[in-house]
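**Student:** Enclosed is the structure file coords-v5.tsv (TSV, C-alpha atoms).
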```tsv
chain	number	residue	atom	x	y	z
O	1	MET	CA	261.01	168.51	140.51
O	2	ASP	CA	260.23	166.47	143.60
O	3	ARG	CA	258.07	163.63	144.90
O	4	THR	CA	254.88	165.65	144.50
O	5	GLY	CA	255.50	166.10	140.76
O	6	HIS	CA	256.94	169.57	141.12
O	7	THR	CA	256.87	172.48	143.54
O	8	THR	CA	257.12	176.18	142.68
O	9	LEU	CA	259.95	177.52	144.84
O	10	ALA	CA	259.83	181.17	143.81
O	11	GLU	CA	258.26	183.48	141.27
O	12	TRP	CA	259.83	186.74	140.23
O	13	THR	CA	260.00	189.44	137.58
O	14	SER	CA	263.28	191.12	136.72
O	15	GLY	CA	261.90	194.52	137.83
O	16	ASP	CA	260.94	193.35	141.33
O	17	SER	CA	264.21	193.29	143.25
O	18	GLU	CA	262.68	191.83	146.43
O	19	ALA	CA	261.17	188.93	144.53
O	20	VAL	CA	264.46	188.38	142.71
O	21	GLU	CA	266.29	188.34	146.03
O	22	ARG	CA	263.89	185.74	147.42
O	23	ALA	CA	264.30	183.67	144.25
O	24	VAL	CA	268.10	183.88	144.48
O	25	GLN	CA	267.90	182.73	148.10
O	26	ALA	CA	265.65	179.79	147.17
O	27	PHE	CA	267.92	178.94	144.24
O	28	ARG	CA	271.02	178.85	146.48
O	29	GLU	CA	269.25	176.69	149.05
O	30	GLN	CA	268.45	174.16	146.32
O	31	LEU	CA	272.05	174.21	145.10
O	32	ASP	CA	273.15	173.46	148.68
O	33	LEU	CA	270.78	170.49	148.69
O	34	GLY	CA	272.56	169.10	145.63
O	35	TYR	CA	270.24	170.27	142.86
O	36	TYR	CA	271.43	171.78	139.57
O	37	GLY	CA	269.75	174.81	138.03
O	38	MET	CA	268.68	174.28	134.42
O	39	VAL	CA	267.44	176.80	131.87
O	40	SER	CA	266.01	175.81	128.48
O	41	THR	CA	267.93	177.43	125.64
O	42	GLY	CA	265.78	176.50	122.67
O	43	GLU	CA	264.29	173.29	121.38
O	44	GLY	CA	266.26	170.28	122.60
O	45	HIS	CA	268.84	172.35	124.44
O	46	ALA	CA	269.33	173.25	128.09
O	47	GLU	CA	272.06	174.94	130.04
O	48	GLN	CA	273.20	174.46	133.60
O	49	VAL	CA	273.36	177.73	135.55
O	50	ARG	CA	275.20	178.41	138.80
O	51	GLU	CA	273.58	181.79	139.43
O	52	LEU	CA	269.89	182.54	139.03
O	53	PRO	CA	269.38	184.37	135.72
O	54	PRO	CA	266.75	187.01	136.65
O	55	ASP	CA	265.54	187.33	133.06
O	56	ALA	CA	264.94	183.57	132.61
O	57	GLU	CA	261.33	182.56	132.08
O	58	LEU	CA	261.75	179.27	133.95
O	59	VAL	CA	264.56	177.73	135.97
O	60	ILE	CA	264.14	174.02	136.77
O	61	MET	CA	266.08	172.38	139.57
O	62	ARG	CA	267.17	168.85	138.78
O	63	LEU	CA	269.00	166.16	140.69
O	64	PRO	CA	272.31	164.63	139.57
O	65	ILE	CA	272.14	161.44	137.52
O	66	SER	CA	274.17	158.28	137.87
O	67	GLY	CA	274.75	155.03	135.98
O	68	GLY	CA	272.32	152.25	136.92
H	69	MET	CA	282.00	159.89	125.37
H	70	ASP	CA	282.30	161.37	121.89
H	71	ALA	CA	281.07	159.77	118.67
H	72	GLN	CA	284.45	158.21	117.87
H	73	ARG	CA	284.82	156.63	121.30
H	74	LEU	CA	281.25	155.38	121.14
H	75	ARG	CA	281.93	153.70	117.77
H	76	ARG	CA	284.99	151.99	119.30
H	77	ARG	CA	282.87	150.72	122.20
H	78	GLU	CA	280.26	149.43	119.77
H	79	ARG	CA	282.88	147.55	117.76
H	80	PHE	CA	284.33	146.12	120.97
H	81	TRP	CA	280.82	145.04	121.99
H	82	THR	CA	280.33	143.26	118.66
H	83	LEU	CA	283.70	141.51	119.00
H	84	THR	CA	282.83	140.43	122.55
H	85	SER	CA	279.53	139.00	121.33
H	86	LEU	CA	281.32	137.07	118.59
H	87	ALA	CA	283.85	135.82	121.14
H	88	HIS	CA	280.94	134.45	123.17
H	89	VAL	CA	279.27	132.79	120.20
H	90	PHE	CA	282.05	131.35	118.04
H	91	PRO	CA	283.71	129.02	120.60
H	92	PHE	CA	280.39	127.27	121.28
H	93	VAL	CA	279.53	127.01	117.59
H	94	GLY	CA	283.05	125.76	116.87
H	95	ILE	CA	282.86	123.12	119.59
H	96	ALA	CA	279.45	122.01	118.31
H	97	ALA	CA	280.83	121.65	114.76
H	98	LEU	CA	283.91	119.80	116.01
H	99	LEU	CA	281.79	117.43	118.09
H	100	MET	CA	279.61	116.60	115.09
H	101	TYR	CA	282.69	116.05	112.94
H	102	VAL	CA	284.48	113.82	115.48
H	103	GLN	CA	281.47	111.95	116.82
H	104	PRO	CA	278.05	112.42	115.19
H	105	LEU	CA	276.46	110.56	118.09
H	106	ALA	CA	277.33	113.53	120.32
H	107	VAL	CA	274.49	115.46	118.72
H	108	ALA	CA	272.87	116.21	122.10
H	109	LEU	CA	276.06	117.77	123.42
H	110	ALA	CA	276.47	119.76	120.20
H	111	ALA	CA	272.90	121.01	120.56
H	112	ILE	CA	273.66	122.22	124.09
H	113	CYS	CA	276.66	124.15	122.74
H	114	VAL	CA	274.52	125.75	120.03
H	115	ALA	CA	271.91	126.65	122.65
H	116	HIS	CA	274.64	128.38	124.69
H	117	ALA	CA	275.78	130.27	121.60
H	118	TRP	CA	272.23	131.50	121.11
H	119	ILE	CA	271.27	132.22	124.71
H	120	ILE	CA	274.24	134.37	125.77
H	121	PRO	CA	273.63	137.16	123.21
H	122	ALA	CA	269.88	136.82	123.85
H	123	LEU	CA	270.43	137.48	127.55
H	124	TYR	CA	272.50	140.55	126.74
H	125	ALA	CA	269.75	141.84	124.44
H	126	GLN	CA	267.21	141.21	127.21
H	127	ARG	CA	269.38	143.27	129.54
H	128	GLY	CA	269.29	146.01	126.93
H	129	GLY	CA	265.51	145.95	126.68
H	130	ASN	CA	265.17	146.02	130.46
H	131	VAL	CA	266.75	149.47	130.80
H	132	VAL	CA	263.51	151.14	129.69
H	133	ARG	CA	261.15	148.82	131.53
H	134	PRO	CA	258.75	150.99	133.60
H	135	LYS	CA	259.49	151.16	137.32
H	136	SER	CA	257.00	151.41	140.18
H	137	ARG	CA	254.67	154.38	140.05
H	138	ALA	CA	254.19	157.20	142.54
H	139	PRO	CA	250.72	158.31	143.78
H	140	GLU	CA	248.41	159.24	140.92
H	141	ASP	CA	248.36	162.99	141.74
H	142	ALA	CA	252.15	163.24	141.66
H	143	GLU	CA	252.26	161.24	138.41
H	144	ARG	CA	249.76	163.59	136.78
H	145	VAL	CA	251.64	166.73	137.89
H	146	SER	CA	255.00	165.33	136.78
H	147	VAL	CA	253.69	164.32	133.36
H	148	GLY	CA	252.30	167.84	132.98
H	149	LEU	CA	255.74	169.35	133.63
H	150	LEU	CA	257.39	166.87	131.29
H	151	GLY	CA	254.84	167.81	128.63
H	152	ASP	CA	255.95	171.44	128.93
H	153	LEU	CA	259.54	170.42	128.15
H	154	VAL	CA	258.85	168.50	124.94
H	155	GLY	CA	256.98	169.12	121.70
H	156	HIS	CA	253.56	167.81	120.74
H	157	ASP	CA	254.85	164.69	118.92
H	158	ALA	CA	257.13	163.65	121.80
H	159	ARG	CA	254.29	164.25	124.25
H	160	GLU	CA	251.95	162.07	122.25
H	161	LEU	CA	254.59	159.33	121.92
H	162	HIS	CA	255.20	159.43	125.68
H	163	ALA	CA	251.48	159.04	126.37
H	164	ARG	CA	251.40	155.91	124.17
H	165	THR	CA	254.74	154.30	125.05
H	166	GLY	CA	256.11	155.88	128.25
H	167	LEU	CA	259.28	156.93	126.40
H	168	VAL	CA	260.36	160.39	125.28
H	169	LEU	CA	262.06	160.79	121.91
H	170	GLU	CA	264.90	163.31	121.78
H	171	ARG	CA	267.25	164.03	118.87
H	172	GLY	CA	270.91	164.38	119.76
H	173	SER	CA	274.26	164.58	118.03
H	174	LEU	CA	275.02	160.89	118.71
H	175	GLY	CA	271.67	159.69	117.37
H	176	VAL	CA	268.05	159.57	118.47
H	177	TRP	CA	267.42	158.97	122.15
H	178	LEU	CA	264.44	157.31	123.81
H	179	VAL	CA	264.44	158.30	127.45
H	180	GLY	CA	262.66	156.15	130.04
H	181	THR	CA	262.42	156.32	133.82
H	182	ALA	CA	265.65	154.45	134.55
H	183	GLY	CA	267.49	154.24	131.28
H	184	ALA	CA	267.68	155.35	127.70
H	185	LEU	CA	268.02	153.82	124.25
H	186	LEU	CA	270.22	155.55	121.69
H	187	VAL	CA	269.35	154.67	118.10
H	188	ARG	CA	272.43	155.41	116.05
H	189	PRO	CA	272.40	157.24	112.70
H	190	GLY	CA	271.12	154.81	110.10
H	191	GLY	CA	268.54	153.38	112.48
H	192	ARG	CA	269.89	149.84	112.66
H	193	ARG	CA	271.96	149.85	115.79
H	194	VAL	CA	270.81	150.71	119.29
H	195	ASP	CA	272.84	151.32	122.43
H	196	CYS	CA	271.04	150.69	125.72
H	197	TRP	CA	272.10	152.81	128.68
H	198	CYS	CA	271.37	152.33	132.37
H	199	VAL	CA	271.04	155.76	133.95
H	200	ARG	CA	268.83	157.10	136.69
H	201	VAL	CA	268.13	159.80	139.24
H	202	ASP	CA	269.03	158.88	142.81
H	203	ASP	CA	265.51	159.16	144.20
H	204	SER	CA	263.39	156.08	143.62
H	205	GLU	CA	260.21	157.77	144.93
H	206	LEU	CA	260.03	160.41	142.22
H	207	PRO	CA	257.06	160.11	139.88
H	208	SER	CA	257.85	158.72	136.43
H	209	GLY	CA	257.45	162.03	134.57
H	210	ASP	CA	259.97	163.72	136.87
H	211	ARG	CA	262.48	160.89	136.51
H	212	ILE	CA	262.30	161.24	132.75
H	213	ALA	CA	262.48	165.06	132.98
H	214	HIS	CA	265.63	164.90	135.15
H	215	LEU	CA	267.30	162.61	132.60
H	216	LEU	CA	266.06	164.67	129.66
H	217	LEU	CA	267.46	167.92	131.06
H	218	ALA	CA	270.80	166.25	131.81
H	219	LEU	CA	270.86	164.90	128.26
H	220	ARG	CA	270.03	168.27	126.73
H	221	ALA	CA	272.67	170.07	128.80
H	222	ASP	CA	275.51	167.66	128.00
H	223	GLU	CA	274.85	164.70	125.71
H	224	GLN	CA	278.40	163.35	125.81
H	225	GLY	CA	278.53	163.73	129.60
H	226	PHE	CA	275.22	161.88	129.81
H	227	ALA	CA	276.64	158.96	127.80
H	228	THR	CA	279.77	158.99	129.96
H	229	VAL	CA	277.86	158.78	133.24
H	230	ALA	CA	275.44	156.12	131.97
H	231	ASN	CA	276.40	152.45	131.86
H	232	LEU	CA	276.23	150.71	128.50
H	233	ALA	CA	274.06	147.63	129.08
H	234	PHE	CA	273.86	146.46	125.47
H	235	SER	CA	274.81	147.50	121.96
H	236	GLY	CA	273.47	145.73	118.92
H	237	ALA	CA	270.79	145.47	116.27
H	238	CYS	CA	267.52	147.33	116.88
H	239	ARG	CA	265.47	144.26	115.96
H	240	ARG	CA	267.09	142.26	118.77
H	241	VAL	CA	266.11	144.83	121.38
H	242	ARG	CA	262.71	145.48	119.82
H	243	ARG	CA	261.61	141.89	120.42
H	244	ARG	CA	262.44	142.29	124.11
H	245	LEU	CA	260.62	145.54	124.73
H	246	LEU	CA	257.09	145.66	126.08
H	247	PRO	CA	254.65	145.63	123.13
H	248	ALA	CA	253.49	149.17	124.02
H	249	GLN	CA	257.08	150.46	123.80
H	250	ARG	CA	257.91	149.02	120.38
H	251	PRO	CA	256.33	151.86	118.35
H	252	ALA	CA	258.72	154.27	120.10
H	253	LEU	CA	261.73	152.30	118.89
H	254	ASP	CA	260.23	152.09	115.39
H	255	GLN	CA	259.76	155.86	115.33
H	256	ALA	CA	263.28	156.50	116.66
H	257	SER	CA	264.74	154.16	113.99
H	258	LYS	CA	262.79	155.98	111.29
H	259	CYS	CA	263.99	159.31	112.63
H	260	ALA	CA	267.62	158.09	112.78
H	261	ARG	CA	267.41	156.82	109.17
H	262	ARG	CA	266.08	160.20	108.06
H	263	ILE	CA	268.87	162.08	109.87
H	264	PHE	CA	271.49	159.74	108.38
H	265	GLY	CA	269.95	160.11	104.92
H	266	GLN	CA	270.01	163.90	105.19
H	267	LYS	CA	273.63	163.89	106.41
H	268	ALA	CA	274.68	161.59	103.57
H	269	LYS	CA	272.92	163.84	101.03
H	270	THR	CA	274.57	166.93	102.53
H	271	GLN	CA	278.00	165.28	102.41
H	272	ALA	CA	277.43	164.13	98.83
H	273	ALA	CA	276.30	167.62	97.83
H	274	ALA	CA	279.34	169.15	99.55
H	275	ALA	CA	281.65	166.67	97.78
H	276	GLY	CA	279.96	167.45	94.44
H	277	THR	CA	280.48	171.19	94.76
H	278	MET	CA	284.06	170.96	95.90
H	279	PRO	CA	286.63	171.97	93.30
H	280	ALA	CA	288.76	169.16	91.85
```
Kindly present the structure from the file in structure tokens form.
**Tutor:**
Amino acid sequence: MDRTGHTTLAEWTSGDSEAVERAVQAFREQLDLGYYGMVSTGEGHAEQVRELPPDAELVIMRLPISGG
Amino acid sequence: MDAQRLRRRERFWTLTSLAHVFPFVGIAALLMYVQPLAVALAAICVAHAWIIPALYAQRGGNVVRPKSRAPEDAERVSVGLLGDLVGHDARELHARTGLVLERGSLGVWLVGTAGALLVRPGGRRVDCWCVRVDDSELPSGDRIAHLLLALRADEQGFATVANLAFSGACRRVRRRLLPAQRPALDQASKCARRIFGQKAKTQAAAAGTMPA
């Protein structure tokens, strides 16, 4: 999620190792920028992930939050 | 911030409000008793007793006041992504009110662009939290989505990071919300009453089936 609304960083399928590798690289770059990786785990639940789960349907990168 | 600690903070908030109100009311009553001609001064004291909690409630309502908007394209894209994260009812409520309703273990949340309201079980009390993403140029849908994902991942952590701006009766905050946002609070209160009712029924049923 960014200032344009959102940007697709990588697309992959678990069988395509090159695409997974590119996605892992993009994921790590976002972590280095301070983003957190989030995966939905059912209605109303999400989990923070530190490694890209190749079988996840969607991984969303979010920024940290702070008190206003 | 677990449920027990939150209840303690709410009680402390109520006590603080009373500590703001009672001295002024007391002084007003004393003035009228000692010197009825000091009615103007007594009225000023009563006005203080009224305005201080009103300002706090206003602060509570302000946490979900909409912030400046990003370019229209970015807004549309971000709302589309947010729509993918929530169900049909929450999507429809967001389109009408700008707030996203999310059920949690502490109560029912209404997430806005720079804050969230937590309607507690029973639907009468609301806690107003200031919390935001550190990028003011994000479109509104993304700001809500960032907060929503953080809330879903760790509700207690979310309430720990956020600053409590107000805690009190729903009706006091409702009056201070934008008219378009009020239906969201009504729906969250209804939802919180239903959850509380179900929990109470479950507890009563469990107590009824327990052996003596």
**Student:** Compute the chain H side of the contact with chain O at 8 Å, counting all atoms listed in the file, and hand it back as a ChimeraX atom specification.
**Tutor:** /H:138,141-147,149,154,170-171,182-183,198-202,205-207,209-210,214-215,217-218,220-221,229-231
**Student:** What is the distance, in Å and to one decimal place, between atom CA of Leu153 of chain H and atom CA of Arg261 of chain H?
**Tutor:** 24.6 Å
**Student:** Can you tell me which residues surround Ala23 of chain O at a distance of at most 9 Å, considering only C-alpha atoms, apart from same-chain residues fewer than 6 positions away, and format the answer as a PyMOL selection string?
**Tutor:** chain O and resi 9-12+52+54
**Student:** Atom CA of Arg192 of chain H to atom CA of Cys259 of chain H: how many Å, to one decimal?
**Tutor:**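 Here the two named atoms are 11.2 Å from each other.
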**Student:** Calculate how many Å separate atom CA of Gln271 of chain H from atom CA of Arg193 of chain H, rounding to one decimal.
**Tutor:**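 About the pair atom CA of Gln271 of chain H and atom CA of Arg193 of chain H: they are 21.3 Å apart.
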**Student:** Just want the 8 Å neighbourhood of segment 223-226 of chain H, counted on all atoms listed in the file, with same-chain residues fewer than 5 positions away dropped. Output as a list in words.
**Tutor:**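 Once the nearby chain positions are removed, what remains is Met69, Asp70, Gly172, Ser173, Leu174 and Ala218 of chain H.
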**Student:** As lines of an AutoDock Vina configuration file, what would the box around segment 95-108 of chain H look like: edges along x, y and z, 3 Å added on every side, centre and edge lengths in Å to one decimal?
**Tutor:**
```
center_x = 278.7
center_y = 116.8
center_z = 117.5
size_x = 17.6
size_y = 18.6
size_z = 15.2
```
**Student:** Got a sec to check which residues sit within 12 Å of (282.4, 123.2, 119.0), counting only C-alpha atoms, and write them as a count of residues only?
**Tutor:** 26
**Student:** Would you please work out which residue, of O:Arg28, O:Gly42, O:Ala19, O:Leu33, is nearest to Gly155 of chain H when using all atoms listed in the file?
**Tutor:** O:Gly42
**Student:** Which residue is closest to Val132 of chain H? Choose from H:Val187, H:Leu246, H:Val176, H:Leu150 and count all atoms listed in the file.
**Tutor:**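 Checking each candidate against Val132 of chain H, we get H:Leu246 as the closest.
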**Student:** Would you mind listing what lies within 10 Å of Leu253 of chain H as JSON, numbers by chain, with only C-alpha atoms counted and same-chain residues fewer than 6 positions away left out?
**Tutor:** {"H": [165, 167, 169, 176, 177, 178, 185, 186, 187, 191, 194, 238, 239, 241, 242, 245, 259]}
**Student:** Can you put N, CA and C atoms back into segment 17-52 of chain O and show it as a compact mmCIF listing (two decimals), in the coordinates of the input?
**Tutor:**
```txt
# COMPACT_ATOMS: atom_id res chain seq x y z
N SER O 17 262.93 193.72 142.65
CA SER O 17 264.21 193.29 143.25
C SER O 17 264.01 192.41 144.49
N GLU O 18 262.93 192.67 145.24
CA GLU O 18 262.68 191.83 146.43
C GLU O 18 262.36 190.40 146.03
N ALA O 19 261.52 190.28 145.01
CA ALA O 19 261.17 188.93 144.53
C ALA O 19 262.39 188.23 143.95
N VAL O 20 263.23 188.97 143.26
CA VAL O 20 264.46 188.38 142.71
C VAL O 20 265.34 187.89 143.84
N GLU O 21 265.45 188.71 144.89
CA GLU O 21 266.29 188.34 146.03
C GLU O 21 265.80 187.05 146.68
N ARG O 22 264.46 186.96 146.83
CA ARG O 22 263.89 185.74 147.42
C ARG O 22 264.16 184.53 146.52
N ALA O 23 264.05 184.76 145.21
CA ALA O 23 264.30 183.67 144.25
C ALA O 23 265.76 183.23 144.29
N VAL O 24 266.67 184.21 144.40
CA VAL O 24 268.10 183.88 144.48
C VAL O 24 268.37 183.06 145.73
N GLN O 25 267.73 183.45 146.84
CA GLN O 25 267.90 182.73 148.10
C GLN O 25 267.40 181.29 147.95
N ALA O 26 266.21 181.14 147.37
CA ALA O 26 265.65 179.79 147.17
C ALA O 26 266.53 178.97 146.24
N PHE O 27 267.04 179.62 145.21
CA PHE O 27 267.92 178.94 144.24
C PHE O 27 269.18 178.41 144.94
N ARG O 28 269.79 179.26 145.78
CA ARG O 28 271.02 178.85 146.48
C ARG O 28 270.75 177.72 147.46
N GLU O 29 269.60 177.78 148.11
CA GLU O 29 269.25 176.69 149.05
C GLU O 29 269.15 175.36 148.32
N GLN O 30 268.57 175.40 147.11
CA GLN O 30 268.45 174.16 146.32
C GLN O 30 269.82 173.68 145.86
N LEU O 31 270.69 174.61 145.49
CA LEU O 31 272.05 174.21 145.10
C LEU O 31 272.74 173.52 146.27
N ASP O 32 272.54 174.06 147.48
CA ASP O 32 273.15 173.46 148.68
C ASP O 32 272.61 172.06 148.95
N LEU O 33 271.38 171.82 148.50
CA LEU O 33 270.78 170.49 148.69
C LEU O 33 271.25 169.50 147.61
N GLY O 34 272.00 170.00 146.65
CA GLY O 34 272.56 169.10 145.63
C GLY O 34 271.86 169.18 144.28
N TYR O 35 270.94 170.11 144.15
CA TYR O 35 270.24 170.27 142.86
C TYR O 35 271.09 171.10 141.89
N TYR O 36 270.82 170.94 140.61
CA TYR O 36 271.43 171.78 139.57
C TYR O 36 270.34 172.68 138.98
N GLY O 37 270.70 173.91 138.69
CA GLY O 37 269.75 174.81 138.03
C GLY O 37 269.85 174.65 136.52
N MET O 38 268.69 174.48 135.88
CA MET O 38 268.68 174.28 134.42
C MET O 38 267.76 175.31 133.76
N VAL O 39 268.23 175.84 132.64
CA VAL O 39 267.44 176.80 131.87
C VAL O 39 267.36 176.27 130.44
N SER O 40 266.16 176.23 129.89
CA SER O 40 266.01 175.81 128.48
C SER O 40 266.56 176.90 127.57
N THR O 41 267.32 176.46 126.56
CA THR O 41 267.93 177.43 125.64
C THR O 41 267.53 177.09 124.21
N GLY O 42 266.25 176.86 124.00
CA GLY O 42 265.78 176.50 122.67
C GLY O 42 265.42 175.04 122.60
N GLU O 43 264.81 174.65 121.50
CA GLU O 43 264.29 173.29 121.38
C GLU O 43 265.41 172.25 121.49
N GLY O 44 265.28 171.35 122.44
CA GLY O 44 266.26 170.28 122.60
C GLY O 44 267.56 170.69 123.25
N HIS O 45 267.61 171.89 123.79
CA HIS O 45 268.84 172.35 124.44
C HIS O 45 268.54 172.92 125.82
N ALA O 46 269.46 172.68 126.75
CA ALA O 46 269.33 173.25 128.09
C ALA O 46 270.73 173.59 128.58
N GLU O 47 270.77 174.50 129.52
CA GLU O 47 272.06 174.94 130.04
C GLU O 47 272.01 174.90 131.55
N GLN O 48 273.12 174.46 132.14
CA GLN O 48 273.20 174.46 133.60
C GLN O 48 273.66 175.85 134.06
N VAL O 49 272.98 176.40 135.05
CA VAL O 49 273.36 177.73 135.55
C VAL O 49 273.74 177.64 137.03
N ARG O 50 274.75 178.41 137.40
CA ARG O 50 275.20 178.41 138.80
C ARG O 50 274.68 179.61 139.57
N GLU O 51 274.22 180.62 138.83
CA GLU O 51 273.58 181.79 139.43
C GLU O 51 272.18 181.91 138.82
N LEU O 52 271.24 182.39 139.57
CA LEU O 52 269.89 182.54 139.03
C LEU O 52 269.88 183.64 137.96
```
